[in-house]
>>> print(open('data.txt').read())   # compact mmCIF, C-alpha atoms
# COMPACT_ATOMS: atom_id res chain seq x y z
CA MET A 1 -173.85 2.64 150.94
CA SER A 2 -175.71 5.78 149.96
CA ALA A 3 -173.30 7.86 152.02
CA LEU A 4 -170.36 6.29 150.17
CA ARG A 5 -171.96 7.08 146.80
CA ALA A 6 -172.63 10.64 147.88
CA SER A 7 -169.00 11.00 148.97
CA ARG A 8 -167.73 9.66 145.62
CA ALA A 9 -170.11 11.93 143.72
CA GLY A 10 -168.96 14.92 145.73
CA ARG A 11 -165.31 14.10 145.09
CA ALA A 12 -165.98 13.61 141.37
CA GLY A 13 -167.73 16.98 141.30
CA GLN A 14 -164.69 18.59 142.91
CA TYR A 15 -162.37 17.08 140.30
CA VAL A 16 -164.64 18.24 137.48
CA ALA A 17 -164.73 21.76 138.93
CA LEU A 18 -160.94 21.73 139.28
CA VAL A 19 -160.45 20.61 135.67
CA CYS A 20 -162.84 23.31 134.44
CA TYR A 21 -160.96 25.92 136.44
CA LEU A 22 -157.60 24.79 135.04
CA VAL A 23 -158.97 24.89 131.49
CA PHE A 24 -160.31 28.39 132.16
CA LEU A 25 -156.88 29.55 133.35
CA ALA A 26 -154.93 27.79 130.60
CA PHE A 27 -157.08 28.83 127.64
CA PRO A 28 -155.69 32.40 127.19
CA PHE A 29 -152.08 31.23 127.44
CA LEU A 30 -152.56 28.30 125.04
CA TRP A 31 -154.31 30.55 122.53
CA LEU A 32 -151.49 33.08 122.89
CA VAL A 33 -148.88 30.42 122.15
CA SER A 34 -150.87 29.18 119.16
CA THR A 35 -151.22 32.70 117.77
CA ALA A 36 -147.52 33.44 118.21
CA PHE A 37 -146.55 30.60 115.84
CA LYS A 38 -149.21 31.15 113.19
CA PRO A 39 -148.34 32.74 109.84
CA ALA A 40 -150.24 35.82 108.65
CA ARG A 41 -152.49 33.74 106.39
CA GLU A 42 -153.78 31.66 109.30
CA LEU A 43 -154.21 34.68 111.55
CA GLY A 44 -156.66 36.16 109.06
CA SER A 45 -158.56 32.91 108.55
CA LEU A 46 -162.31 32.83 109.25
CA HIS A 47 -161.91 29.34 110.72
CA PRO A 48 -159.10 29.53 113.31
CA THR A 49 -157.47 26.35 114.56
CA TRP A 50 -155.82 25.49 117.84
CA ILE A 51 -152.65 24.06 116.29
CA PRO A 52 -150.92 26.10 113.56
CA GLU A 53 -150.99 24.26 110.25
CA GLN A 54 -147.67 25.79 109.17
CA PRO A 55 -145.80 26.93 112.31
CA THR A 56 -143.40 29.81 111.77
CA LEU A 57 -140.95 31.96 113.69
CA ASP A 58 -141.55 35.00 111.51
CA ASN A 59 -143.66 36.66 114.20
CA PHE A 60 -140.75 36.53 116.64
CA ARG A 61 -138.32 37.92 114.07
CA GLN A 62 -140.71 40.72 113.17
CA ALA A 63 -141.32 41.55 116.84
CA PHE A 64 -137.60 41.96 117.52
CA ASP A 65 -137.14 43.97 114.32
CA GLU A 66 -139.98 46.38 115.08
CA GLN A 67 -139.40 47.05 118.79
CA PRO A 68 -136.42 47.02 121.24
CA LEU A 69 -137.74 44.04 123.20
CA LEU A 70 -134.42 43.05 124.77
CA GLN A 71 -133.78 46.54 126.09
CA ALA A 72 -137.33 46.80 127.41
CA ALA A 73 -137.03 43.36 129.04
CA GLY A 74 -133.79 44.47 130.71
CA ASN A 75 -135.52 47.57 132.08
CA SER A 76 -138.42 45.49 133.40
CA LEU A 77 -136.07 42.93 134.93
CA LEU A 78 -134.01 45.60 136.68
CA ALA A 79 -137.07 47.40 138.01
CA ALA A 80 -138.82 44.22 139.14
CA LEU A 81 -135.77 42.69 140.86
CA ALA A 82 -134.80 45.92 142.61
CA ALA A 83 -138.37 46.58 143.75
CA ALA A 84 -138.90 43.02 145.01
CA LEU A 85 -135.62 42.83 146.93
CA THR A 86 -136.02 46.29 148.44
CA ALA A 87 -139.61 45.66 149.49
CA VAL A 88 -138.68 42.36 151.16
CA VAL A 89 -135.67 43.86 152.97
CA ILE A 90 -137.81 46.68 154.34
CA ALA A 91 -140.90 44.59 155.09
CA THR A 92 -139.21 41.70 156.92
CA PRO A 93 -138.09 43.57 160.08
CA MET A 94 -141.32 45.61 160.07
CA ALA A 95 -143.37 42.42 159.89
CA TYR A 96 -141.39 40.92 162.77
CA VAL A 97 -142.10 43.91 164.99
CA MET A 98 -145.80 43.95 164.08
CA ALA A 99 -146.17 40.22 164.73
CA ARG A 100 -144.25 40.06 168.01
CA HIS A 101 -145.24 43.38 169.61
CA ARG A 102 -148.98 43.81 169.38
CA GLY A 103 -150.58 47.06 170.47
CA ARG A 104 -152.41 50.14 169.23
CA LEU A 105 -149.56 51.11 166.93
CA THR A 106 -149.55 47.64 165.38
CA THR A 107 -153.31 47.75 164.93
CA ALA A 108 -153.04 51.14 163.24
CA ALA A 109 -150.29 49.88 160.96
CA THR A 110 -152.38 46.84 160.00
CA GLY A 111 -155.31 49.13 159.23
CA TRP A 112 -153.05 51.25 157.02
CA VAL A 113 -151.96 48.14 155.14
CA VAL A 114 -155.55 47.13 154.45
CA VAL A 115 -156.74 50.63 153.51
CA SER A 116 -153.77 51.28 151.21
CA GLN A 117 -154.73 48.33 149.04
CA ALA A 118 -158.12 49.88 148.34
CA PHE A 119 -156.74 53.00 146.62
CA PRO A 120 -156.91 52.81 142.81
CA PHE A 121 -153.92 53.84 140.70
CA VAL A 122 -155.74 56.79 139.14
CA LEU A 123 -156.38 58.35 142.54
CA VAL A 124 -152.68 58.67 143.42
CA ILE A 125 -151.02 59.19 140.06
CA ILE A 126 -151.32 63.02 139.97
CA PRO A 127 -149.83 63.74 143.43
CA LEU A 128 -147.28 61.00 142.82
CA PHE A 129 -146.26 62.56 139.51
CA LEU A 130 -145.85 65.99 141.14
CA ILE A 131 -143.72 64.58 143.96
CA LEU A 132 -141.43 62.72 141.58
CA LYS A 133 -141.20 65.79 139.35
CA ASN A 134 -140.00 67.91 142.27
CA LEU A 135 -137.44 65.22 143.08
CA HIS A 136 -136.32 65.09 139.41
CA LEU A 137 -137.20 61.40 139.21
CA ILE A 138 -139.55 61.53 136.22
CA ASN A 139 -138.36 59.41 133.29
CA THR A 140 -135.90 57.47 135.46
CA LEU A 141 -135.88 53.82 136.41
CA PHE A 142 -134.94 54.78 139.96
CA GLY A 143 -138.15 56.78 140.27
CA LEU A 144 -140.19 53.88 138.87
CA ILE A 145 -138.50 51.43 141.27
CA THR A 146 -139.31 53.75 144.17
CA VAL A 147 -142.97 53.75 143.17
CA TYR A 148 -143.01 49.96 142.88
CA VAL A 149 -141.45 49.57 146.33
CA VAL A 150 -143.95 51.91 147.96
CA TRP A 151 -146.87 50.28 146.18
CA SER A 152 -145.86 46.65 146.93
CA LEU A 153 -144.65 47.26 150.48
CA PRO A 154 -148.09 47.05 152.20
CA PHE A 155 -148.90 43.74 150.52
CA ALA A 156 -145.45 42.34 151.31
CA LEU A 157 -145.80 43.46 154.92
CA TRP A 158 -149.24 41.90 155.22
CA MET A 159 -147.96 38.57 153.87
CA LEU A 160 -144.85 38.46 156.05
CA VAL A 161 -146.76 39.22 159.26
CA GLY A 162 -148.64 35.95 158.80
CA TYR A 163 -145.40 34.05 158.24
CA VAL A 164 -143.75 35.53 161.34
CA ARG A 165 -146.76 34.69 163.51
CA ALA A 166 -146.51 31.09 162.27
CA VAL A 167 -143.01 30.81 163.81
CA PRO A 168 -143.45 29.71 167.46
CA ALA A 169 -142.20 32.35 169.86
CA GLU A 170 -141.04 29.53 172.16
CA LEU A 171 -138.13 28.87 169.78
CA GLU A 172 -136.83 32.40 170.29
CA GLU A 173 -137.34 32.12 174.03
CA ALA A 174 -135.36 28.85 174.09
CA ALA A 175 -132.54 30.48 172.15
CA ALA A 176 -132.51 33.38 174.62
CA VAL A 177 -132.29 30.92 177.53
CA ASP A 178 -129.29 29.31 175.83
CA GLY A 179 -127.56 32.69 175.82
CA ALA A 180 -128.24 33.88 172.26
CA GLY A 181 -128.77 37.59 171.83
CA ARG A 182 -131.63 39.17 169.91
CA LEU A 183 -129.65 39.56 166.69
CA ARG A 184 -128.25 36.04 166.89
CA THR A 185 -131.73 34.65 167.50
CA LEU A 186 -133.18 36.47 164.51
CA VAL A 187 -130.39 35.38 162.18
CA SER A 188 -129.96 31.78 163.34
CA VAL A 189 -133.48 30.80 164.42
CA THR A 190 -136.17 33.04 162.94
CA ALA A 191 -134.71 33.91 159.53
CA PRO A 192 -134.28 30.29 158.28
CA LEU A 193 -137.88 29.51 159.21
CA LEU A 194 -139.06 32.62 157.36
CA ALA A 195 -137.15 31.77 154.17
CA PRO A 196 -140.12 30.14 152.34
CA GLY A 197 -142.35 33.10 153.18
CA ILE A 198 -139.71 35.60 152.10
CA VAL A 199 -139.26 33.81 148.78
CA ALA A 200 -143.01 33.72 148.16
CA THR A 201 -143.38 37.40 149.04
CA ALA A 202 -140.47 38.40 146.82
CA LEU A 203 -141.94 36.45 143.91
CA PHE A 204 -145.31 38.16 144.21
CA ALA A 205 -143.63 41.55 144.41
CA PHE A 206 -141.52 40.68 141.35
CA ILE A 207 -144.51 39.57 139.27
CA THR A 208 -146.47 42.67 140.27
CA ALA A 209 -143.65 44.96 139.14
CA TRP A 210 -142.89 42.91 136.01
CA ASN A 211 -146.50 43.12 134.78
CA GLU A 212 -147.19 46.69 135.90
CA PHE A 213 -148.23 49.03 133.10
CA PHE A 214 -149.93 52.22 134.31
CA PHE A 215 -147.12 53.76 136.39
CA ALA A 216 -144.52 52.87 133.76
CA LEU A 217 -146.65 54.46 131.02
CA VAL A 218 -147.03 57.74 132.92
CA LEU A 219 -143.57 58.08 134.44
CA LEU A 220 -141.31 56.88 131.58
CA LYS A 221 -141.16 59.01 128.43
CA THR A 222 -138.12 58.06 126.36
CA PRO A 223 -138.28 54.73 124.46
CA GLU A 224 -134.92 53.47 125.75
CA LYS A 225 -136.20 53.57 129.35
CA GLN A 226 -139.64 52.03 128.84
CA THR A 227 -140.51 48.66 130.31
CA LEU A 228 -141.80 45.63 128.44
CA PRO A 229 -145.56 46.09 129.10
CA VAL A 230 -145.36 49.63 127.68
CA VAL A 231 -143.42 48.51 124.60
CA LEU A 232 -146.07 45.88 123.88
CA THR A 233 -148.56 48.67 123.22
CA HIS A 234 -146.40 49.84 120.31
CA PHE A 235 -147.67 46.89 118.28
CA LEU A 236 -151.02 48.67 118.06
CA GLY A 237 -151.51 50.82 114.98
CA ALA A 238 -152.69 54.40 114.87
CA GLU A 239 -156.29 53.26 114.45
CA GLY A 240 -156.10 50.67 117.21
CA VAL A 241 -155.52 47.74 114.87
CA ALA A 242 -153.16 45.24 116.47
CA ASP A 243 -150.28 43.64 114.62
CA LEU A 244 -151.51 40.36 116.04
CA GLY A 245 -148.69 37.97 115.16
CA PRO A 246 -145.73 40.00 116.49
CA LEU A 247 -147.84 41.16 119.46
CA ALA A 248 -148.63 37.56 120.44
CA ALA A 249 -144.97 36.57 120.02
CA ALA A 250 -143.77 39.46 122.18
CA ALA A 251 -146.45 38.82 124.81
CA PHE A 252 -145.48 35.13 124.91
CA LEU A 253 -141.85 36.06 125.55
CA ALA A 254 -142.96 38.51 128.26
CA THR A 255 -144.71 35.73 130.19
CA LEU A 256 -141.73 33.35 130.19
CA PRO A 257 -139.66 34.90 133.03
CA SER A 258 -142.54 34.65 135.51
CA LEU A 259 -143.27 31.06 134.50
CA VAL A 260 -139.61 30.02 134.71
CA ILE A 261 -139.06 31.63 138.11
CA PHE A 262 -142.29 30.15 139.44
CA ALA A 263 -141.33 26.68 138.22
CA ILE A 264 -137.87 26.89 139.82
CA ILE A 265 -139.01 27.93 143.29
CA GLN A 266 -142.46 26.33 143.32
CA LYS A 267 -141.71 24.15 146.35
CA ARG A 268 -140.56 27.11 148.42
CA ILE A 269 -143.64 29.09 147.44
CA THR A 270 -145.96 26.26 148.45
CA GLY A 271 -144.16 25.86 151.74
CA GLY A 272 -144.30 29.60 152.38
CA MET A 273 -148.03 29.77 151.70
CA LEU A 274 -148.76 26.84 153.99
CA ALA A 275 -146.57 28.35 156.72
CA GLY A 276 -148.28 31.72 156.43
CA ALA A 277 -151.68 30.08 156.80
CA VAL A 278 -150.83 28.46 160.16
CA LYS A 279 -151.86 30.31 163.29
CA ASN A 280 -150.53 29.81 166.76
>>> encode(input="data.txt", output="structure tokens")
Amino acid sequence: MSALRASRAGRAGQYVALVCYLVFLAFPFLWLVSTAFKPARELGSLHPTWIPEQPTLDNFRQAFDEQPLLQAAGNSLLAALAAALTAVVIATPMAYVMARHRGRLTTAATGWVVVSQAFPFVLVIIPLFLILKNLHLINTLFGLITVYVVWSLPFALWMLVGYVRAVPAELEEAAAVDGAGRLRTLVSVTAPLLAPGIVATALFAFITAWNEFFFALVLLKTPEKQTLPVVLTHFLGAEGVADLGPLAAAAFLATLPSLVIFAIIQKRITGGMLAGAVKN
């Protein structure tokens, strides 16, 4: 009986911890949404409330009037989609080779993947800027996309290696016995099983590029080419005072694409994560 009570208490503790964690994650977003719909009078109140007393859309109108949010969102969308798709296309065959053909070269490549994730942005920005300057890619979206691909490629490769190893090699061997060639086996047998992992990897690469700020700030100079995270900083005044209402409205709009995409392909992401966690 005591063991049953201890089990119930442990399970209740887990649920309480989970609820606390969810509240911790949701608090910034809920406060952001609340701030976005508050009028200026409520934003300056000494006693803030969770729910706006007089909800308004003036912050959204002011945000669009003050900054080119649609153009910046288009730049971010183009850069994020191109970077995610390119990284996945490059990483998928590389991950297959690393997972199926283990050796010293594969071990060295895995070590490079791990080490590359430890380098901070500040350490590489100067040589990166000089390289792009010599290639005439400064202040271009193509240059920014190239940086995003290079930066997200190690993480995408590391994720996809786990997904490939989760696919039983016996399936490929059975297809070879049936007369299927290597290309036919990869397309008809391996690729469909990797689809959840590819979708999950592409989503993470997309979100990373969509939210990235430092590279875009350094490499893009003209306002018409800047991405959304950079444009959000324009709501700060010369003395660092934030135009809180329009800033919250713009930031709320900037979070929607990631939330919508995640909600649409949530099942594939979950399946991809579970598949990548399975070891043969």
>>> axis_aligned_box(input="data.txt", around="range 28-36 of chain A", padding_each_side="4 Å", output="lines of an AutoDock Vina configuration file")
center_x = -151.6
center_y = 30.9
center_z = 122.6
size_x = 16.2
size_y = 13.1
size_z = 17.7
>>> residues_around(input="data.txt", residues="Leu253 in chain A", least_positions_apart="6", cutoff="12 Å", atoms="only C-alpha atoms", output="NGL selection string")
:A and (29 or 32-33 or 36 or 59-60 or 63-64 or 69-70 or 72-73 or 228-229 or 232 or 246-247 or 259-260)
>>> closest_residue(input="data.txt", among="A:Arg11, A:Trp158, A:Thr140, A:Gln71", to="Val113 in chain A", atoms="all atoms listed in the file")
A:Trp158
>>> residues_around(input="data.txt", residues="range 82-95 of chain A", least_positions_apart="3", cutoff="8 Å", atoms="all atoms listed in the file", output="MDAnalysis selection string")
chainID A and resid 78:79 98:99 145:146 148:150 152:153 156:158 160:161 164 198 201:203 205:206 209
>>> closest_atom_pairs(input="data.txt", of="range 56-171 of chain A", to="range 215-223 of chain A", cutoff="10 Å", atoms="all atoms listed in the file", output="CSV")
residue,atom,partner,partner_atom,distance
A:Gln67,CA,A:Pro223,CA,9.6
A:Pro68,CA,A:Pro223,CA,8.6
A:Gln71,CA,A:Pro223,CA,9.5
A:Ala72,CA,A:Pro223,CA,8.5
A:Ser76,CA,A:Ala216,CA,9.6
A:Phe121,CA,A:Phe215,CA,8.1
A:Val122,CA,A:Phe215,CA,9.5
A:Ile125,CA,A:Phe215,CA,7.6
A:Ile126,CA,A:Val218,CA,9.8
A:Leu128,CA,A:Leu219,CA,9.6
A:Phe129,CA,A:Leu219,CA,7.3
A:Leu132,CA,A:Leu219,CA,8.8
A:Lys133,CA,A:Leu219,CA,9.4
A:Leu137,CA,A:Leu219,CA,8.6
A:Ile138,CA,A:Leu219,CA,5.6
A:Asn139,CA,A:Leu220,CA,4.2
A:Thr140,CA,A:Leu220,CA,6.7
A:Leu141,CA,A:Leu220,CA,7.9
A:Gly143,CA,A:Leu219,CA,8.1
A:Leu144,CA,A:Ala216,CA,6.8
A:Ile145,CA,A:Ala216,CA,9.7
A:Val147,CA,A:Phe215,CA,7.9
A:Tyr148,CA,A:Phe215,CA,8.6
>>> closest_residue(input="data.txt", among="A:Asp178, A:Val167, A:Leu77, A:Trp210", to="Pro192 in chain A", atoms="all atoms listed in the file")
A:Val167
>>> decode(input="data.txt", residues="range 129-152 of chain A", atoms="N, CA, C and O atoms", output="mmCIF file, in the first residue's frame")
data_model
loop_
_atom_site.group_PDB
_atom_site.id
_atom_site.type_symbol
_atom_site.label_atom_id
_atom_site.label_comp_id
_atom_site.auth_asym_id
_atom_site.auth_seq_id
_atom_site.Cartn_x
_atom_site.Cartn_y
_atom_site.Cartn_z
ATOM 1 N N PHE A 129 33.235 37.921 -42.461
ATOM 2 C CA PHE A 129 32.947 39.192 -43.133
ATOM 3 C C PHE A 129 33.972 39.453 -44.236
ATOM 4 O O PHE A 129 33.607 39.901 -45.339
ATOM 5 N N LEU A 130 35.239 39.184 -43.974
ATOM 6 C CA LEU A 130 36.286 39.424 -44.974
ATOM 7 C C LEU A 130 36.120 38.500 -46.174
ATOM 8 O O LEU A 130 36.320 38.915 -47.324
ATOM 9 N N ILE A 131 35.763 37.245 -45.916
ATOM 10 C CA ILE A 131 35.560 36.305 -47.024
ATOM 11 C C ILE A 131 34.397 36.746 -47.901
ATOM 12 O O ILE A 131 34.496 36.776 -49.142
ATOM 13 N N LEU A 132 33.281 37.094 -47.283
ATOM 14 C CA LEU A 132 32.118 37.528 -48.053
ATOM 15 C C LEU A 132 32.389 38.846 -48.776
ATOM 16 O O LEU A 132 31.866 39.072 -49.874
ATOM 17 N N LYS A 133 33.203 39.704 -48.180
ATOM 18 C CA LYS A 133 33.545 40.955 -48.844
ATOM 19 C C LYS A 133 34.352 40.705 -50.107
ATOM 20 O O LYS A 133 34.121 41.336 -51.145
ATOM 21 N N ASN A 134 35.295 39.775 -50.047
ATOM 22 C CA ASN A 134 36.082 39.436 -51.231
ATOM 23 C C ASN A 134 35.232 38.778 -52.312
ATOM 24 O O ASN A 134 35.550 38.880 -53.506
ATOM 25 N N LEU A 135 34.175 38.103 -51.897
ATOM 26 C CA LEU A 135 33.270 37.461 -52.854
ATOM 27 C C LEU A 135 32.140 38.391 -53.290
ATOM 28 O O LEU A 135 31.260 37.979 -54.047
ATOM 29 N N HIS A 136 32.151 39.639 -52.800
ATOM 30 C CA HIS A 136 31.121 40.633 -53.125
ATOM 31 C C HIS A 136 29.729 40.162 -52.711
ATOM 32 O O HIS A 136 28.744 40.354 -53.432
ATOM 33 N N LEU A 137 29.646 39.545 -51.542
ATOM 34 C CA LEU A 137 28.372 39.028 -51.043
ATOM 35 C C LEU A 137 27.883 39.771 -49.801
ATOM 36 O O LEU A 137 26.888 39.358 -49.187
ATOM 37 N N ILE A 138 28.566 40.865 -49.441
ATOM 38 C CA ILE A 138 28.081 41.678 -48.333
ATOM 39 C C ILE A 138 26.829 42.432 -48.772
ATOM 40 O O ILE A 138 26.733 42.906 -49.895
ATOM 41 N N ASN A 139 25.867 42.550 -47.886
ATOM 42 C CA ASN A 139 24.610 43.246 -48.150
ATOM 43 C C ASN A 139 23.797 42.558 -49.250
ATOM 44 O O ASN A 139 23.135 43.202 -50.067
ATOM 45 N N THR A 140 23.854 41.231 -49.275
ATOM 46 C CA THR A 140 23.040 40.448 -50.200
ATOM 47 C C THR A 140 22.375 39.308 -49.433
ATOM 48 O O THR A 140 22.980 38.728 -48.516
ATOM 49 N N LEU A 141 21.168 38.976 -49.822
ATOM 50 C CA LEU A 141 20.483 37.859 -49.190
ATOM 51 C C LEU A 141 21.162 36.534 -49.530
ATOM 52 O O LEU A 141 21.152 35.601 -48.722
ATOM 53 N N PHE A 142 21.767 36.451 -50.710
ATOM 54 C CA PHE A 142 22.466 35.216 -51.073
ATOM 55 C C PHE A 142 23.643 34.967 -50.128
ATOM 56 O O PHE A 142 23.880 33.826 -49.710
ATOM 57 N N GLY A 143 24.369 36.018 -49.785
ATOM 58 C CA GLY A 143 25.460 35.868 -48.838
ATOM 59 C C GLY A 143 24.968 35.445 -47.471
ATOM 60 O O GLY A 143 25.562 34.590 -46.802
ATOM 61 N N LEU A 144 23.847 36.038 -47.019
ATOM 62 C CA LEU A 144 23.284 35.667 -45.724
ATOM 63 C C LEU A 144 22.796 34.224 -45.733
ATOM 64 O O LEU A 144 23.005 33.478 -44.764
ATOM 65 N N ILE A 145 22.165 33.801 -46.820
ATOM 66 C CA ILE A 145 21.697 32.413 -46.933
ATOM 67 C C ILE A 145 22.882 31.450 -46.891
ATOM 68 O O ILE A 145 22.823 30.393 -46.249
ATOM 69 N N THR A 146 23.960 31.809 -47.558
ATOM 70 C CA THR A 146 25.166 30.971 -47.534
ATOM 71 C C THR A 146 25.684 30.791 -46.116
ATOM 72 O O THR A 146 26.047 29.681 -45.692
ATOM 73 N N VAL A 147 25.695 31.867 -45.357
ATOM 74 C CA VAL A 147 26.139 31.796 -43.958
ATOM 75 C C VAL A 147 25.205 30.905 -43.150
ATOM 76 O O VAL A 147 25.651 30.069 -42.347
ATOM 77 N N TYR A 148 23.907 31.056 -43.346
ATOM 78 C CA TYR A 148 22.945 30.233 -42.607
ATOM 79 C C TYR A 148 23.117 28.752 -42.941
ATOM 80 O O TYR A 148 23.013 27.892 -42.056
ATOM 81 N N VAL A 149 23.360 28.439 -44.202
ATOM 82 C CA VAL A 149 23.538 27.040 -44.593
ATOM 83 C C VAL A 149 24.772 26.455 -43.916
ATOM 84 O O VAL A 149 24.732 25.357 -43.349
ATOM 85 N N VAL A 150 25.880 27.191 -43.986
ATOM 86 C CA VAL A 150 27.122 26.695 -43.385
ATOM 87 C C VAL A 150 26.967 26.534 -41.881
ATOM 88 O O VAL A 150 27.458 25.571 -41.288
ATOM 89 N N TRP A 151 26.271 27.480 -41.254
ATOM 90 C CA TRP A 151 26.142 27.440 -39.798
ATOM 91 C C TRP A 151 25.180 26.345 -39.331
ATOM 92 O O TRP A 151 25.382 25.743 -38.264
ATOM 93 N N SER A 152 24.119 26.066 -40.083
ATOM 94 C CA SER A 152 23.140 25.054 -39.667
ATOM 95 C C SER A 152 23.478 23.653 -40.171
ATOM 96 O O SER A 152 22.888 22.678 -39.690
#
